[in-house]
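Here the structure is laid out as structure tokens; the discussion comes afterwards.
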Amino acid sequence: MQHELRLHVGPVRFRIGSQWAQPLDHMRRLYADFPNGDDGPPDFTVRLEAPRLMRRFIRPQVAIAGDFMLPDALPLPLAHGLLAAEMAMNLQVALGWRRHLLLHASVVERDGRALIMTGLSGSGKSTLSAMLGENGWRFMGDEFALIDPDSGMAVPFPRLVSLKNAAIDAMQARLPEHRFGPVLADTPKGMIRHLMPPQDAVKRMGEGALPALMLFPRYGFDPELRAVGKPEAFVRLTQASTNYVSMGEAGFAALSGLIDRVPVLAMDFNDGDAVMAQIDTLWRDALAAGR
Amino acid sequence: MMLDYRARATTELRTHPLDEFTLIYDRASGQTHLLGAPMPELLDCLGADWESLPIILARLNSRFEVGGNDDAAQAVRAHLAELIMLGLAECRTADHSDAA
Amino acid sequence: MSDPQTPEPQLDAVSDTNPTGPVVGRRALMIGAAAGATILSIKPALAQTAGSVLNCKIPIPDPARSGQYIAADGTLVSPGTAGSFAPPGRPFTGEEVKAALSGRSLPGTSYEQSQAYLNYIRKLQMGQSGFTCFASLQMPR
């Protein structure tokens, strides 16, 4: 393809080909702190291409292709090319990565231990991880938690944080403009802006951490905290994993081990500042309980 | 039709207790099951050799205070049928041919 | 087969049938219908295949708000509001919506109607009928 970019994020190397320069120009800037993606063979190839010849030039559209694809997925307008690239990378990992158990979750680290937050789109897990990452915690990823089946460690996968709608304003108020990608309006998920992970997160993306606490956050509800029993947590996490089944027995061992060792709390909240303080307290309690 | 029952080989099933439930990973099928009482206890009453329902029922009664509103033999037979359907236990007809 | 729960003698429990003798009791075990649901088999999370996406349907509007009309920008308004459109006679399939989002009109509709209906669909939120169908037309996150 005409334009190419290599990325190395956490344990994964991507090769991204594109028929247009624009999406890759954005990515080069936003991933500038990351090591050279040429430092090893790519694990996945992604292609951003026009679905039909005319769509390369006239009302250009980006269709996502690569090692793993979903047929019949809708193309995105070229203005959202960066979003297409990020979605494409997520798809490759979700469908093709087997070296770690994948959980649809954000991860941050403090005191050498990992906090995992899992939930659906809109639960607040991405925004929480971005905010914690700017407030004393090390950001390890906002989309996938990667759990090593042998050691049980969470391994960093710190891609761009995808902020949506109101979360964009909250972070823009706190962080300099150069940390953000372009404003993407009217995407299928509303307005999106990508946020560069902190430099410290990138420098230390080779350092894993043993999980000490897991949260199921839900944003937009009256504050409530509830312990989640192990059997319920196990079943919910099988549904939050894209590769639990394909990992076979290693997936079973990784997930049952994680649930054995890590307490799980369901946390409903509607105030970003209050919840940060609450997470602090829960974290101290979890560490003190000696997990 | 009288059936004999036995456990799957221990190498084929991987179990993991989780609070009041038991997780079972079936290596042959790659399936994961979450079992609650009385299923794990019943599976534990099955041996490596073929045995009839009365023997299994007696073993269950010796280990537990078995309760419930149904006829115990019928209930246990139904539970065993569920376990067999999922591949977690085995059965054959009592005349020593394999159950269809 | 490991034995996850070998019953231990409960030294602090008194057996009903032997109130003064050695206090040993077996754990209670409910069987039959009284046991309730006893087996859950894990099914893969991504159960929705590409094929099923095209067969799913999006009603306009959500049955909870039937009777409302659709404005040009996709919001729901009271019937008869100027510039708004009556609901279509039937839900549209994922395949029809996908074709319409790529430039064709929804079947049986004028251009303006189709745009209004598509704007309604684009505004769908989780919990509203048709949201999952529409969301699965996009790439998964």
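Numbering starts fresh at 1 for the residues of each chain in the structure tokens, the chains themselves are lettered A, B, ... in the order given, and ligands are numbered from 1 as they appear.
Residue list for chain B within 12 Å of chain A: Glu12, Leu13, Arg14, Thr15, His16, Pro17, Leu18, Asp19, Glu20, Phe21, Thr22, Leu23, Ile24, Tyr25, Asp26, Arg27, Ala28, Ser29, Gly30, Gln31, Thr32, His33, Leu34, Leu35 and Gly36 of chain B, counting only C-alpha atoms.
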Please provide as a PDB file with C-alpha atoms, in the first residue's frame all residues within 9 Å of Ser105 of chain C, with the sequence filter that same-chain residues fewer than 5 positions apart are discarded (counting only C-alpha atoms).
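File result.pdb, as written:
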```
ATOM      1  CA  GLU C  96     -31.859  -2.513   4.566  1.00  0.00           C
ATOM      2  CA  VAL C  97     -30.465   0.017   7.051  1.00  0.00           C
ATOM      3  CA  ALA C  99     -27.757  -0.231   2.367  1.00  0.00           C
ATOM      4  CA  ALA C 100     -29.500   3.033   3.234  1.00  0.00           C
ATOM      5  CA  SER C 110     -39.067   9.129  -0.137  1.00  0.00           C
ATOM      6  CA  TYR C 111     -35.608  10.653   0.176  1.00  0.00           C
ATOM      7  CA  GLN C 113     -38.489  10.249   4.899  1.00  0.00           C
ATOM      8  CA  SER C 114     -35.491   7.989   4.588  1.00  0.00           C
ATOM      9  CA  GLN C 115     -33.156  10.678   5.931  1.00  0.00           C
TER      10      GLN C 115
END
```
Using only C-alpha atoms: which of C:Ile42, C:Pro63, C:Thr109, C:Gln128 has the shortest distance to chain A: C:Ile42
At most 9 Å to chain C: residues in chain B, only C-alpha atoms, as number ranges by chain: B: 7-11, 13-17, 22, 31-41, 43-44, 46-47, 62-72, 74-76, 78-79, 82-83, 86
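Of the residues listed (B:Leu53, B:Cys45, B:Ala94, B:Leu60), B:Leu53 shows the shortest atom-to-atom separation from Arg77 of chain B; distances use only C-alpha atoms.
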Test item: chain A residues at most 10 Å from chain C, counting only C-alpha atoms, as number ranges by chain: A: 64, 69-76, 84, 86-88, 90-91, 94, 104, 120-122, 143, 186-190, 234-246
Polymer residues at most 8 Å from Pro158 of chain A, only C-alpha atoms, same-chain spacing of 3 or more positions, as a ChimeraX atom specification: /A:9-10,139-142,197,201-202,205
Straight-line distance linking atom CA of Ala233 of chain A with atom CA of Asp271 of chain A, stated in Å to one decimal: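 Computing it gives 24.7 Å between the two atoms.
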